[in-house]
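Asks: Handing you this structure, nothing more for now.
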Amino acid sequence: MTADTSPMNLTHHFLIAMPGLEDDAFAKSVVYLCEHSPRGAMGLVINKPSDISLKTLFDKVDLPLRRADLTDSPVFQGGPVQTERGFVLHEAFVASDIDPSESVYAATMAIPGGLEMTTSKDVLEAMSAGAGPRRVLVSLGYSAWGEGQLEAELGENSWLTVDADLGVIFDTPVAERYDKALMLLGLQSWMLSPEAGHA
């Protein structure tokens, strides 16, 4: 049998912080990976709300928020990189008259698994008008790893990984997302030792 030498690709996976990971930005965090390639990885923390709401964010960019379902939603701390910049994780918009490989928004990354991550203001303008994607998570900042960095952290048992579940991102109360992500692996937080083990 030959060893699998294909590069690891954790796009559309969750990274779940192990108890030993005590970095302020990532302790007890769940990161949704939007992109992972040999060049590095990029994702958004989905369980660390900031102290501002979407309504406040929209006020700051001089847009009304005509989406009652989103008014009280928190803006998340997506990670320590570019913390002044907004990132909108949302369901891919599907319309019969556009090519499914193209987004309706200007600066958008399509993610396998039915999601898109948009950084252009047009998605906020659509939400301001009462439209836009139905399910959204808005963050300030993102998380990034350079070439080989995430793989090294995985080798140090800093993270658990599991296929992402959209229900955890959009339907689960924020305080329960860490435990719900662990449950995807059949684990509970009490089972995890803060001491990283190496078999």
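Order determines the names: the first chain of the structure tokens is A, the second B, and so forth; residues in each chain are numbered 1 upward, and ligands are numbered 1 upward as they are shown.
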Name the residues in contact with range 177-182 of chain A at a cut-off of 8 Å, using only C-alpha atoms, excluding same-chain residues fewer than 2 positions from it; report them as a ChimeraX atom specification.

Replies: /A:14,16,28-30,46-47,162,168-169,172-175,184-189

Asks: Provide the CA of Arg135 in chain A to CA of Ser53 in chain A distance in Å, to one decimal place.

Replies: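 Between CA of Arg135 in chain A and CA of Ser53 in chain A the gap works out to 15.6 Å.
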
Asks: Going by DSSP on the backbone, which bits of range 47-170 of chain A are alpha helix (DSSP H)? Write them as JSON, numbers by chain, please.

Replies: {"A": [54, 55, 56, 57, 58, 59, 60, 122, 123, 124, 125, 126, 127, 128, 149, 150, 151, 152, 153, 154, 155, 166, 167, 168, 169, 170]}

Asks: Quick one: everything within 7 Å of Pro74 in chain A, counting only C-alpha atoms, minus sequence neighbours fewer than 3 positions away in the same chain. Send it as a list in words.

Replies: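 Those residues are Pro49, Ser50, Ile52, Ser53 and Leu54 of chain A.
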
Asks: Can those selected residues be exported to a file as a PDB file, in the first residue's frame so that it contains C-alpha atoms?

Replies:
ATOM      1  CA  PRO A  49     -19.428  37.338  19.369  1.00  0.00           C
ATOM      2  CA  SER A  50     -18.173  40.896  19.686  1.00  0.00           C
ATOM      3  CA  ILE A  52     -21.691  45.046  18.735  1.00  0.00           C
ATOM      4  CA  SER A  53     -24.862  43.965  16.975  1.00  0.00           C
ATOM      5  CA  LEU A  54     -25.537  43.916  13.260  1.00  0.00           C
TER       6      LEU A  54
END

Asks: Which is closest to Gly86 in chain A among A:Met109, A:Leu192, A:Met18, A:Val138, if we use only C-alpha atoms?

Replies: A:Val138
